[in-house]
file input_1.txt (compact mmCIF, C-alpha atoms and all ligand atoms)
# COMPACT_ATOMS: atom_id res chain seq x y z
CA MET V 16 116.06 -146.26 -9.02
CA ILE V 17 118.49 -147.48 -11.64
CA SER V 18 121.51 -145.16 -11.98
CA ARG V 19 122.81 -143.52 -15.15
CA SER V 20 125.96 -145.64 -15.18
CA GLU V 21 123.95 -148.86 -14.72
CA ILE V 22 121.81 -147.98 -17.75
CA VAL V 23 124.93 -147.32 -19.84
CA GLU V 24 126.39 -150.63 -18.67
CA GLN V 25 123.20 -152.52 -19.55
CA HIS V 26 123.15 -150.86 -22.96
CA GLU V 27 126.76 -151.87 -23.57
CA THR V 28 126.16 -155.42 -22.33
CA TYR V 29 122.77 -156.21 -23.87
CA LEU V 30 122.41 -153.77 -26.77
CA SER V 31 125.27 -152.18 -28.62
CA LYS V 32 128.84 -152.42 -27.44
CA HIS V 33 130.36 -150.21 -30.11
CA LYS V 34 127.94 -147.30 -30.41
CA ILE V 35 128.62 -145.61 -27.09
CA PRO V 36 132.29 -144.74 -27.76
CA LEU V 37 131.24 -143.38 -31.16
CA TYR V 38 128.39 -141.35 -29.66
CA SER V 39 130.83 -139.72 -27.29
CA GLU V 40 132.69 -138.43 -30.37
CA PHE V 41 129.53 -136.60 -31.53
CA GLY V 42 128.64 -135.42 -28.03
CA TRP V 43 125.60 -137.71 -28.11
CA GLU V 44 125.81 -139.23 -24.63
CA ILE V 45 122.16 -138.69 -23.86
CA ILE V 46 119.80 -141.02 -22.06
CA GLU V 47 116.34 -139.93 -23.06
CA GLY V 48 114.18 -138.99 -20.13
CA ARG V 49 111.31 -136.53 -20.23
CA ARG V 50 110.27 -135.21 -23.62
CA GLU V 51 107.72 -132.57 -24.53
CA GLY V 52 107.19 -130.31 -27.55
CA VAL V 53 110.46 -129.22 -29.14
CA PHE V 54 112.57 -130.50 -26.25
CA LEU V 55 113.95 -133.69 -24.82
CA TRP V 56 115.75 -134.01 -21.51
CA ASP V 57 118.53 -136.28 -20.42
CA LEU V 58 117.85 -138.33 -17.29
CA ASP V 59 120.14 -135.90 -15.47
CA GLY V 60 117.78 -133.06 -16.38
CA ARG V 61 119.81 -131.46 -19.19
CA ARG V 62 117.45 -129.96 -21.76
CA TYR V 63 118.01 -130.26 -25.52
CA PHE V 64 116.28 -128.64 -28.47
CA ASP V 65 115.53 -131.64 -30.66
CA CYS V 66 116.94 -130.71 -34.07
CA HIS V 67 117.39 -134.33 -35.12
CA VAL V 68 113.76 -135.33 -34.63
CA CYS V 69 114.70 -138.83 -35.70
CA GLY V 70 114.62 -137.71 -39.33
CA GLY V 71 111.11 -136.27 -39.08
CA VAL V 72 109.47 -138.72 -36.65
CA TYR V 73 108.96 -135.76 -34.26
CA ASN V 74 107.77 -133.26 -36.86
CA MET V 75 104.75 -132.66 -34.62
CA GLY V 76 106.99 -132.22 -31.57
CA HIS V 77 107.31 -134.74 -28.77
CA ARG V 78 104.14 -136.16 -27.30
CA ASN V 79 101.96 -133.86 -29.36
CA ARG V 80 98.74 -133.47 -27.40
CA LYS V 81 96.43 -133.96 -30.41
CA VAL V 82 98.25 -137.11 -31.52
CA VAL V 83 98.33 -138.53 -27.99
CA ASP V 84 94.60 -137.82 -27.54
CA ALA V 85 93.71 -139.46 -30.88
CA VAL V 86 95.75 -142.56 -30.01
CA MET V 87 94.24 -142.72 -26.52
CA ARG V 88 90.74 -142.51 -28.03
CA ALA V 89 91.63 -145.29 -30.48
CA LEU V 90 92.98 -147.44 -27.66
CA GLY V 91 89.61 -147.12 -25.98
CA HIS V 92 87.91 -149.29 -28.60
CA LEU V 93 90.42 -150.56 -31.21
CA ASP V 94 93.49 -152.77 -31.46
CA LEU V 95 95.92 -153.21 -34.36
CA GLY V 96 93.21 -154.72 -36.54
CA ASN V 97 93.49 -157.79 -38.75
CA HIS V 98 95.42 -156.83 -41.86
CA HIS V 99 93.33 -159.21 -43.99
CA LEU V 100 90.02 -157.58 -43.14
CA ILE V 101 88.34 -154.46 -44.48
CA SER V 102 89.11 -151.59 -42.12
CA THR V 103 87.29 -148.31 -41.53
CA GLU V 104 90.46 -146.64 -40.22
CA ARG V 105 92.75 -147.85 -43.03
CA SER V 106 90.21 -146.97 -45.75
CA GLN V 107 89.69 -143.45 -44.39
CA LEU V 108 93.40 -142.79 -44.00
CA ALA V 109 94.14 -144.16 -47.48
CA LYS V 110 91.61 -141.73 -48.97
CA LYS V 111 93.16 -138.84 -47.02
CA LEU V 112 96.66 -139.77 -48.20
CA VAL V 113 95.65 -140.04 -51.86
CA LEU V 114 93.83 -136.69 -51.74
CA SER V 115 96.75 -135.07 -49.90
CA ALA V 116 98.97 -135.68 -52.94
CA GLY V 117 96.65 -133.49 -55.04
CA GLU V 118 97.08 -133.18 -58.77
CA ALA V 119 100.06 -131.94 -60.78
CA SER V 120 99.36 -129.48 -63.60
CA SER V 121 99.84 -132.49 -65.92
CA GLY V 122 96.59 -133.84 -64.43
CA GLU V 123 98.35 -136.80 -62.81
CA HIS V 124 97.39 -137.91 -59.34
CA MET V 125 97.85 -140.80 -56.95
CA GLY V 126 95.50 -143.78 -56.82
CA ARG V 127 96.03 -146.24 -54.01
CA VAL V 128 97.88 -147.06 -50.83
CA VAL V 129 99.65 -150.05 -49.34
CA PHE V 130 100.47 -149.63 -45.66
CA ALA V 131 103.67 -150.68 -43.93
CA SER V 132 105.05 -150.55 -40.41
CA GLY V 133 108.20 -148.57 -41.24
CA GLY V 134 109.94 -146.62 -43.97
CA GLY V 135 112.26 -149.38 -45.18
CA GLU V 136 109.29 -151.69 -45.62
CA ALA V 137 107.39 -148.97 -47.52
CA MET V 138 110.37 -148.50 -49.87
CA ASP V 139 110.72 -152.26 -50.29
CA PHE V 140 107.13 -152.28 -51.48
CA ALA V 141 107.80 -149.33 -53.80
CA PHE V 142 110.59 -151.32 -55.48
CA LYS V 143 108.50 -154.50 -55.62
CA MET V 144 105.71 -152.55 -57.28
CA ALA V 145 108.05 -150.88 -59.77
CA LYS V 146 109.54 -154.23 -60.77
CA GLY V 147 106.22 -156.10 -60.71
CA PHE V 148 104.32 -153.53 -62.74
CA THR V 149 106.96 -152.96 -65.43
CA GLY V 150 108.26 -156.53 -65.58
CA LYS V 151 111.75 -154.98 -65.56
CA SER V 152 114.40 -155.30 -62.93
CA LYS V 153 116.77 -152.32 -62.86
CA ILE V 154 116.33 -149.42 -60.48
CA LEU V 155 118.44 -146.28 -60.95
CA CYS V 156 119.11 -144.61 -57.63
CA LEU V 157 121.32 -141.94 -56.19
CA GLU V 158 124.89 -142.62 -55.11
CA GLY V 159 124.89 -141.74 -51.39
CA GLY V 160 121.10 -141.89 -51.07
CA TYR V 161 119.35 -143.66 -48.22
CA HIS V 162 116.09 -145.60 -48.16
CA GLY V 163 116.38 -147.83 -45.10
CA HIS V 164 118.09 -150.95 -43.88
CA THR V 165 115.60 -153.62 -44.88
CA GLY V 166 116.03 -155.80 -47.99
CA LEU V 167 115.51 -153.93 -51.25
CA SER V 168 115.69 -150.52 -49.57
CA MET V 169 119.20 -151.32 -48.37
CA GLY V 170 120.15 -152.38 -51.89
CA ALA V 171 119.19 -148.92 -53.10
CA GLY V 172 121.47 -147.26 -50.55
CA ASP V 173 125.14 -146.91 -49.82
CA GLU V 174 127.53 -149.77 -50.49
CA LYS V 175 129.09 -149.48 -47.02
CA TYR V 176 125.91 -150.99 -45.58
CA THR V 177 125.39 -153.81 -48.07
CA LYS V 178 129.08 -154.77 -48.01
CA ALA V 179 129.13 -155.07 -44.23
CA TRP V 180 126.36 -157.69 -44.40
CA ASN V 181 127.82 -159.49 -47.39
CA TYR V 182 124.71 -158.59 -49.36
CA ARG V 183 125.21 -158.07 -53.09
CA PRO V 184 122.02 -156.45 -54.28
CA GLU V 185 121.19 -156.99 -57.89
CA GLY V 186 119.62 -154.47 -60.20
CA PHE V 187 120.36 -151.26 -58.30
CA VAL V 188 122.41 -148.90 -60.45
CA LYS V 189 123.87 -145.88 -58.67
CA VAL V 190 123.95 -142.50 -60.39
CA GLU V 191 125.95 -139.52 -59.10
CA TYR V 192 124.06 -136.39 -57.99
CA GLU V 193 125.86 -134.44 -60.75
CA ASP V 194 124.54 -136.87 -63.40
CA LEU V 195 120.85 -136.55 -62.55
CA SER V 196 120.38 -133.99 -65.33
CA ARG V 197 121.24 -136.69 -67.90
CA ILE V 198 119.49 -139.58 -66.21
CA GLU V 199 118.21 -140.90 -69.55
CA ASP V 200 121.79 -141.85 -70.49
CA PHE V 201 121.53 -144.61 -67.86
CA PHE V 202 118.26 -146.08 -69.15
CA ASP V 203 118.21 -149.42 -70.93
CA GLU V 204 115.46 -151.85 -71.90
CA ASP V 205 115.50 -153.40 -68.42
CA THR V 206 115.13 -150.13 -66.46
CA ALA V 207 112.03 -150.24 -64.25
CA ALA V 208 112.38 -147.00 -62.31
CA VAL V 209 114.37 -144.04 -61.14
CA SER V 210 114.22 -143.78 -57.37
CA LEU V 211 115.18 -140.70 -55.35
CA GLU V 212 114.59 -139.06 -52.03
CA THR V 213 112.84 -135.89 -53.21
CA ILE V 214 115.59 -134.06 -51.31
CA PRO V 215 118.43 -136.47 -50.47
CA ALA V 216 118.75 -136.26 -46.68
CA THR V 217 121.70 -138.47 -45.80
CA LEU V 218 123.56 -137.01 -48.78
CA GLY V 219 123.31 -133.60 -47.17
CA MET V 220 119.98 -132.12 -48.22
CA ASN V 221 121.29 -130.94 -51.56
CA ILE V 222 118.33 -129.45 -53.34
CA ILE V 223 117.66 -131.00 -56.75
CA PRO V 224 117.15 -128.04 -59.12
CA ARG V 225 113.62 -127.59 -60.44
CA ASP V 226 114.63 -128.04 -64.09
CA VAL V 227 116.54 -131.24 -63.25
CA MET V 228 113.61 -132.77 -61.36
CA GLN V 229 111.16 -131.78 -64.11
CA HIS V 230 113.55 -133.23 -66.69
CA ILE V 231 113.71 -136.52 -64.75
CA ARG V 232 109.91 -136.64 -64.69
CA LYS V 233 109.68 -135.88 -68.42
CA VAL V 234 112.22 -138.45 -69.62
CA THR V 235 111.00 -141.18 -67.27
CA ARG V 236 107.51 -140.73 -68.65
CA GLU V 237 108.75 -140.67 -72.25
CA HIS V 238 110.74 -143.90 -71.78
CA GLY V 239 108.12 -145.80 -69.77
CA VAL V 240 110.37 -145.72 -66.69
CA LEU V 241 108.62 -145.15 -63.37
CA LEU V 242 109.56 -142.37 -60.97
CA VAL V 243 109.68 -143.49 -57.33
CA LEU V 244 110.11 -140.79 -54.70
CA ASP V 245 111.03 -141.37 -51.08
CA GLU V 246 109.17 -138.79 -48.98
CA ILE V 247 109.92 -140.53 -45.70
CA GLN V 248 111.90 -137.54 -44.39
CA THR V 249 110.67 -134.81 -46.71
CA GLY V 250 106.94 -135.45 -46.43
CA CYS V 251 104.15 -134.66 -43.96
CA GLY V 252 104.63 -130.88 -44.14
CA ARG V 253 108.39 -130.80 -43.46
CA SER V 254 109.17 -128.99 -46.72
CA GLY V 255 106.51 -126.30 -46.22
CA LYS V 256 104.18 -128.19 -48.57
CA THR V 257 102.41 -131.44 -47.74
CA TRP V 258 104.84 -133.39 -49.97
CA ALA V 259 108.15 -132.03 -51.21
CA PHE V 260 107.49 -133.12 -54.81
CA GLN V 261 104.70 -130.51 -54.88
CA HIS V 262 107.44 -127.83 -55.00
CA TYR V 263 108.33 -129.20 -58.42
CA ASP V 264 104.79 -129.47 -59.82
CA ILE V 265 105.35 -133.12 -60.66
CA MET V 266 103.56 -136.32 -59.70
CA PRO V 267 105.69 -139.42 -59.13
CA ASP V 268 104.33 -142.83 -60.09
CA ILE V 269 105.02 -144.20 -56.62
CA PHE V 270 106.00 -142.54 -53.36
CA ALA V 271 106.60 -143.64 -49.79
CA THR V 272 105.95 -141.93 -46.49
CA GLY V 273 106.82 -142.94 -42.93
CA LYS V 274 108.59 -141.41 -39.93
CA GLY V 275 106.50 -138.25 -39.32
CA LEU V 276 103.32 -140.08 -40.37
CA SER V 277 103.50 -141.76 -36.97
CA GLY V 278 103.07 -138.46 -35.13
CA GLY V 279 106.01 -139.72 -33.08
CA ILE V 280 103.61 -141.91 -31.12
CA TYR V 281 102.69 -145.01 -33.12
CA PRO V 282 104.64 -146.47 -36.08
CA ILE V 283 103.03 -146.43 -39.49
CA ALA V 284 104.26 -145.95 -43.05
CA ALA V 285 102.71 -146.14 -46.49
CA THR V 286 103.42 -146.47 -50.20
CA LEU V 287 101.17 -144.62 -52.63
CA TYR V 288 100.98 -145.51 -56.31
CA ARG V 289 99.11 -144.64 -59.48
CA ASP V 290 95.83 -146.40 -60.06
CA GLU V 291 96.88 -148.39 -63.13
CA MET V 292 99.49 -150.29 -61.09
CA GLU V 293 96.71 -152.07 -59.25
CA THR V 294 96.76 -154.57 -62.13
CA VAL V 295 99.72 -156.22 -60.38
CA PHE V 296 97.23 -157.58 -57.84
CA GLU V 297 94.66 -158.64 -60.43
CA LYS V 298 95.65 -162.29 -60.77
CA ASN V 299 96.41 -162.76 -57.11
CA PRO V 300 95.38 -160.10 -54.60
CA MET V 301 97.16 -162.05 -51.82
CA ILE V 302 100.76 -161.39 -52.91
CA HIS V 303 101.63 -158.75 -50.32
CA PHE V 304 100.89 -158.43 -46.60
CA SER V 305 102.21 -156.72 -43.51
CA SER V 306 100.76 -157.74 -40.13
CA PHE V 307 101.49 -154.40 -38.49
CA GLY V 308 101.30 -152.30 -41.64
CA GLY V 309 98.51 -149.73 -41.30
CA SER V 310 97.60 -150.80 -37.79
CA GLU V 311 94.41 -149.10 -36.71
CA ILE V 312 96.13 -147.38 -33.78
CA GLY V 313 98.77 -146.03 -36.18
CA CYS V 314 95.98 -144.80 -38.48
CA ALA V 315 94.61 -142.68 -35.63
CA ALA V 316 98.00 -140.97 -35.20
CA ALA V 317 98.51 -140.55 -38.95
CA GLU V 318 95.11 -138.91 -39.49
CA VAL V 319 96.09 -136.08 -37.13
CA VAL V 320 99.41 -135.70 -38.94
CA ILE V 321 97.86 -135.54 -42.41
CA ASP V 322 95.18 -133.12 -41.22
CA HIS V 323 97.98 -130.79 -40.09
CA ALA V 324 100.21 -131.39 -43.12
CA THR V 325 97.34 -130.35 -45.42
CA ASP V 326 96.25 -127.36 -43.34
CA ALA V 327 97.13 -123.99 -44.90
CA GLY V 328 97.62 -122.33 -41.50
CA PHE V 329 99.99 -125.07 -40.30
CA LEU V 330 102.03 -124.88 -43.52
CA ALA V 331 102.15 -121.07 -43.27
CA HIS V 332 103.71 -121.48 -39.82
CA VAL V 333 106.32 -123.89 -41.23
CA ASN V 334 107.14 -121.37 -43.95
CA ALA V 335 107.36 -118.47 -41.47
CA LEU V 336 109.90 -120.47 -39.43
CA SER V 337 111.72 -121.35 -42.63
CA SER V 338 112.09 -117.64 -43.54
CA TYR V 339 113.31 -116.86 -40.05
CA PHE V 340 116.03 -119.55 -40.15
CA ARG V 341 117.05 -118.63 -43.71
CA GLU V 342 117.67 -115.03 -42.72
CA ALA V 343 119.37 -115.93 -39.43
CA VAL V 344 121.74 -118.51 -40.94
CA ASN V 345 122.52 -116.31 -43.94
CA ASP V 346 123.45 -113.51 -41.48
CA LEU V 347 125.65 -115.95 -39.61
CA ALA V 348 127.33 -117.07 -42.84
CA ALA V 349 127.97 -113.42 -43.75
CA ARG V 350 129.79 -112.68 -40.49
CA SER V 351 131.47 -116.07 -39.84
CA ASN V 352 134.29 -117.73 -41.76
CA LYS V 353 133.00 -121.13 -40.58
CA VAL V 354 129.45 -121.26 -42.01
CA ALA V 355 128.91 -121.58 -45.77
CA GLY V 356 125.11 -121.33 -45.88
CA LEU V 357 121.77 -123.04 -45.34
CA ARG V 358 120.49 -125.88 -47.54
CA GLN V 359 116.75 -125.54 -47.18
CA ILE V 360 113.27 -126.21 -48.45
CA GLY V 361 110.77 -125.29 -45.73
CA LEU V 362 112.14 -126.77 -42.51
CA PHE V 363 114.04 -129.48 -44.32
CA GLN V 364 117.35 -127.83 -43.55
CA ALA V 365 121.07 -128.42 -43.19
CA ILE V 366 123.65 -125.86 -42.15
CA GLU V 367 126.65 -126.16 -44.43
CA PHE V 368 130.15 -125.45 -43.08
CA VAL V 369 133.32 -124.52 -44.88
CA ASP V 370 134.84 -127.96 -44.26
CA VAL V 371 134.13 -131.26 -42.55
CA ALA V 372 136.41 -130.60 -39.53
CA THR V 373 134.56 -127.35 -38.73
CA CYS V 374 131.21 -129.10 -39.11
CA ILE V 375 132.07 -131.94 -36.75
CA ALA V 376 133.53 -129.49 -34.22
CA THR V 377 130.33 -127.42 -34.34
CA VAL V 378 128.14 -130.52 -33.97
CA ARG V 379 130.02 -131.31 -30.75
CA ARG V 380 129.52 -127.76 -29.45
CA LEU V 381 125.83 -127.77 -30.44
CA ASN V 382 125.22 -130.98 -28.52
CA ALA V 383 127.22 -129.63 -25.56
CA ASN V 384 125.13 -126.45 -25.62
CA GLY V 385 121.79 -128.26 -25.63
CA VAL V 386 121.00 -128.62 -29.36
CA PHE V 387 120.60 -132.29 -30.22
CA CYS V 388 121.68 -132.75 -33.83
CA ILE V 389 123.97 -134.64 -36.18
CA PHE V 390 125.90 -134.18 -39.42
CA SER V 391 124.69 -135.75 -42.67
CA ASN V 392 126.51 -139.05 -42.69
CA ASN V 393 127.06 -139.10 -46.45
CA ASP V 394 128.10 -135.44 -46.63
CA ARG V 395 129.69 -134.54 -43.33
CA VAL V 396 130.24 -130.92 -44.25
CA CYS V 397 126.71 -130.13 -43.10
CA VAL V 398 124.63 -130.59 -39.98
CA GLN V 399 121.02 -131.62 -40.36
CA PHE V 400 119.00 -128.88 -38.71
CA MET V 401 115.46 -130.16 -38.36
CA PRO V 402 113.52 -128.53 -35.53
CA PRO V 403 109.96 -129.76 -34.96
CA LEU V 404 107.42 -128.03 -37.21
CA THR V 405 105.50 -126.97 -34.13
CA MET V 406 108.33 -124.77 -32.80
CA THR V 407 107.30 -121.22 -31.87
CA LEU V 408 109.14 -118.23 -33.33
CA GLN V 409 110.30 -117.41 -29.83
CA GLU V 410 111.82 -120.88 -29.43
CA ALA V 411 113.43 -120.47 -32.85
CA GLY V 412 115.09 -117.26 -31.61
CA GLU V 413 116.46 -119.03 -28.53
CA LEU V 414 117.68 -121.92 -30.68
CA MET V 415 119.54 -119.58 -33.06
CA GLY V 416 121.27 -118.00 -30.05
CA LEU V 417 122.68 -121.45 -29.20
CA VAL V 418 123.69 -122.03 -32.82
CA ARG V 419 125.63 -118.73 -32.91
CA LEU V 420 127.32 -119.57 -29.62
CA SER V 421 128.29 -123.06 -30.82
CA VAL V 422 129.70 -121.77 -34.11
CA ASP V 423 131.76 -119.17 -32.23
CA GLU V 424 133.10 -121.81 -29.84
CA ALA V 425 133.92 -124.46 -32.46
CA GLU V 426 137.59 -125.12 -33.11
CA PRO V 427 138.27 -127.38 -36.13
CA ILE V 428 139.21 -130.88 -34.99
CA ASP V 429 141.90 -133.24 -36.24
CA LEU V 430 139.85 -135.72 -38.27
CA ALA V 431 142.80 -138.12 -38.51
CA SER V 432 142.63 -138.69 -34.76
CA SER V 433 139.26 -140.48 -35.04
CA ASP V 434 138.67 -143.87 -36.66
CA PHE V 435 135.16 -142.79 -37.62
CA PHE V 436 136.01 -139.35 -38.95
CA ARG V 437 139.09 -140.51 -40.84
CA THR V 438 136.67 -141.57 -43.57
CA GLN V 439 134.82 -139.06 -45.78
CA THR V 440 136.69 -135.94 -44.76
CA GLN V 441 135.67 -133.87 -47.78
CA ALA V 442 132.36 -132.39 -48.87
CA ARG V 443 130.87 -135.14 -51.00
CA VAL V 444 128.74 -133.17 -53.43
CA ARG V 445 130.17 -130.40 -55.58
CA ASN V 446 128.17 -127.36 -56.69
CA VAL V 447 125.46 -127.79 -54.12
CA GLN V 448 122.20 -125.98 -54.71
CA ARG V 449 121.10 -124.68 -51.33
CA GLN V 450 117.63 -123.42 -52.15
CA LEU V 451 115.07 -124.11 -54.85
C1 LIG G 1 114.83 -141.07 -46.63
C2 LIG G 1 114.60 -142.30 -45.80
N1 LIG G 1 114.00 -143.35 -46.34
C3 LIG G 1 113.75 -144.46 -45.64
C4 LIG G 1 114.13 -144.58 -44.32
C5 LIG G 1 113.87 -145.85 -43.57
O1 LIG G 1 112.86 -145.68 -42.65
P1 LIG G 1 112.74 -146.68 -41.40
O2 LIG G 1 113.91 -146.40 -40.50
O3 LIG G 1 111.42 -146.33 -40.79
O4 LIG G 1 112.77 -148.06 -41.95
C6 LIG G 1 114.78 -143.51 -43.71
C7 LIG G 1 115.22 -143.61 -42.31
O5 LIG G 1 116.05 -142.88 -41.83
C8 LIG G 1 115.03 -142.33 -44.47
O6 LIG G 1 115.65 -141.30 -43.93
call {"tool": "encode", "arguments": {"input": "input_1.txt", "output": "structure tokens"}}
result
Amino acid sequence: MISRSEIVEQHETYLSKHKIPLYSEFGWEIIEGRREGVFLWDLDGRRYFDCHVCGGVYNMGHRNRKVVDAVMRALGHLDLGNHHLISTERSQLAKKLVLSAGEASSGEHMGRVVFASGGGEAMDFAFKMAKGFTGKSKILCLEGGYHGHTGLSMGAGDEKYTKAWNYRPEGFVKVEYEDLSRIEDFFDEDTAAVSLETIPATLGMNIIPRDVMQHIRKVTREHGVLLVLDEIQTGCGRSGKTWAFQHYDIMPDIFATGKGLSGGIYPIAATLYRDEMETVFEKNPMIHFSSFGGSEIGCAAAEVVIDHATDAGFLAHVNALSSYFREAVNDLAARSNKVAGLRQIGLFQAIEFVDVATCIATVRRLNANGVFCIFSNNDRVCVQFMPPLTMTLQEAGELMGLVRLSVDEAEPIDLASSDFFRTQTQARVRNVQRQL
């Protein structure tokens, strides 16, 4: 059997040379072995609560039995399917997705779906659609937001990524979190859309206040600017509702889902849009394809996910866990001078610390104590705390015990001693709203 050190050596030689030293700074030296439910194990047998869940990919836990069974059944008689042909599986899933978005009190609802193989591709399509439908080219997006590393999606994200690849995206205008309440000041005659993660994840899960989000929806509608929401992390039940925008009683014009839609078993993503945008395809229906987008095996996994994410009992469980963590972390904040509070909608959560050094130190202790997690890279004062939605209350109690222990053990580190942590040493967003 191949040894641990041989695997590390192969990774360094044939995959990434520079990630491993960095991972050791976070305490992330894990080689994934067995995985089941809310846990993953290192090859050496160390068990970790998975509180990273790959940004929501493992919302349903690892190797969820119902998802695995559905995919196994699909493998018995299907393959990926030909993306040009009419598909039973894609049609049924598209209907489920559209219905899952429901109707806002304004009467607005979603119309149609284009499938993709991953989140970046789904956001690329969202931007293509916004530009194609409006005939305009500017997209307003959040400074410090994240939508993927593909073409347009990367353009909508942080400059550190585009700069590194010598890519100068055109038409993406960045707006600070604090300026969202006056988004209309950034509109001009060439503005196609405002694009946001419904709750910005990489920027630290700062909750956009209800009145600000409703204002954005109102002024975008008034000015003929589209609202694009990225639900790739926030969707599929993570927020305690099927889609996080439902907390705001708004309907976007376009939204994207991915990650958790896969059930953690088979990749699939999707972009949903309002019915009238279908006119973009009128002259030429053959202007967009994705060979693996909406593969029929992926559809089988996604159906199970959407059935759960729209089930009242499943969502009630997510909300019960959410209340438990809110109380537990608020208690911790009250008795600790290290924890500032919990940023949270449902189980979309980040624990905020008093400063970046304390956060990074706690992340290291959490990983050392068997809680796999990471800080928000664009707001390193908080650790993303995303347990699978299928966690039991008993497991949640055990997990909080490890969180308390790790906070107690954490000693603030010298950020200047690390090349990586020498950058962005302050909380990035001021006046954070932690809860809706
Ligand atoms: C909010 C958000 N949007 C888009 C993406 C891109 O998804 P993918 O990695 O599947 O391309 C991510 C991935 O982390 C994400 O967090």
call {"tool": "residues_near_ligand", "arguments": {"input": "input_1.txt", "ligand": "ligand LIG 1 (chain G)", "cutoff": "10 Å", "atoms": "all atoms listed in the file", "output": "ChimeraX atom specification"}}
result
/V:69-72,131-139,160-165,168-169,172,211-218,244-250,271-275,277,282-284
call {"tool": "residues_around", "arguments": {"input": "input_1.txt", "residues": "Leu157 in chain V", "least_positions_apart": "2", "cutoff": "7 Å", "atoms": "all atoms listed in the file", "output": "number ranges by chain"}}
result
V: 159-160, 189-192, 211
call {"tool": "residues_around", "arguments": {"input": "input_1.txt", "residues": "range 106-112 of chain V", "least_positions_apart": "4", "cutoff": "8 Å", "atoms": "all atoms listed in the file", "output": "list in words"}}
result
Ile101, Ser102, Ala116, Arg127, Val128, Leu287, Cys314, Ala317, Glu318 and Ile321 of chain V
call {"tool": "residues_around", "arguments": {"input": "input_1.txt", "residues": "Gln359 in chain V", "least_positions_apart": "4", "cutoff": "12 Å", "atoms": "only C-alpha atoms", "output": "PyMOL selection string"}}
result
chain V and resi 214-216+219-223+249+253-255+259+334+336-342+344-345+363-367+397-401+447-451
call {"tool": "atom_distance", "arguments": {"input": "input_1.txt", "atom1": "CA of Arg183 in chain V", "atom2": "CA of Asn392 in chain V"}}
result
21.7 Å
call {"tool": "decode", "arguments": {"input": "input_1.txt", "residues": "range 365-382 of chain V", "atoms": "C-alpha atoms", "output": "PDB file, in the first residue's frame"}}
result
ATOM      1  CA  ALA V 365     -19.258  32.139  10.383  1.00  0.00           C
ATOM      2  CA  ILE V 366     -17.827  32.589  13.854  1.00  0.00           C
ATOM      3  CA  GLU V 367     -16.394  36.085  14.135  1.00  0.00           C
ATOM      4  CA  PHE V 368     -13.328  36.712  16.325  1.00  0.00           C
ATOM      5  CA  VAL V 369     -12.058  39.894  17.887  1.00  0.00           C
ATOM      6  CA  ASP V 370      -9.150  40.099  15.441  1.00  0.00           C
ATOM      7  CA  VAL V 371      -7.535  38.225  12.567  1.00  0.00           C
ATOM      8  CA  ALA V 372      -4.641  36.806  14.648  1.00  0.00           C
ATOM      9  CA  THR V 373      -7.080  35.205  17.121  1.00  0.00           C
ATOM     10  CA  CYS V 374      -9.153  33.804  14.261  1.00  0.00           C
ATOM     11  CA  ILE V 375      -6.194  32.182  12.510  1.00  0.00           C
ATOM     12  CA  ALA V 376      -4.920  30.777  15.818  1.00  0.00           C
ATOM     13  CA  THR V 377      -8.339  29.271  16.539  1.00  0.00           C
ATOM     14  CA  VAL V 378      -8.598  27.801  13.030  1.00  0.00           C
ATOM     15  CA  ARG V 379      -5.315  25.986  13.693  1.00  0.00           C
ATOM     16  CA  ARG V 380      -6.588  24.650  17.031  1.00  0.00           C
ATOM     17  CA  LEU V 381      -9.925  23.619  15.495  1.00  0.00           C
ATOM     18  CA  ASN V 382      -8.177  21.617  12.791  1.00  0.00           C
TER      19      ASN V 382
END
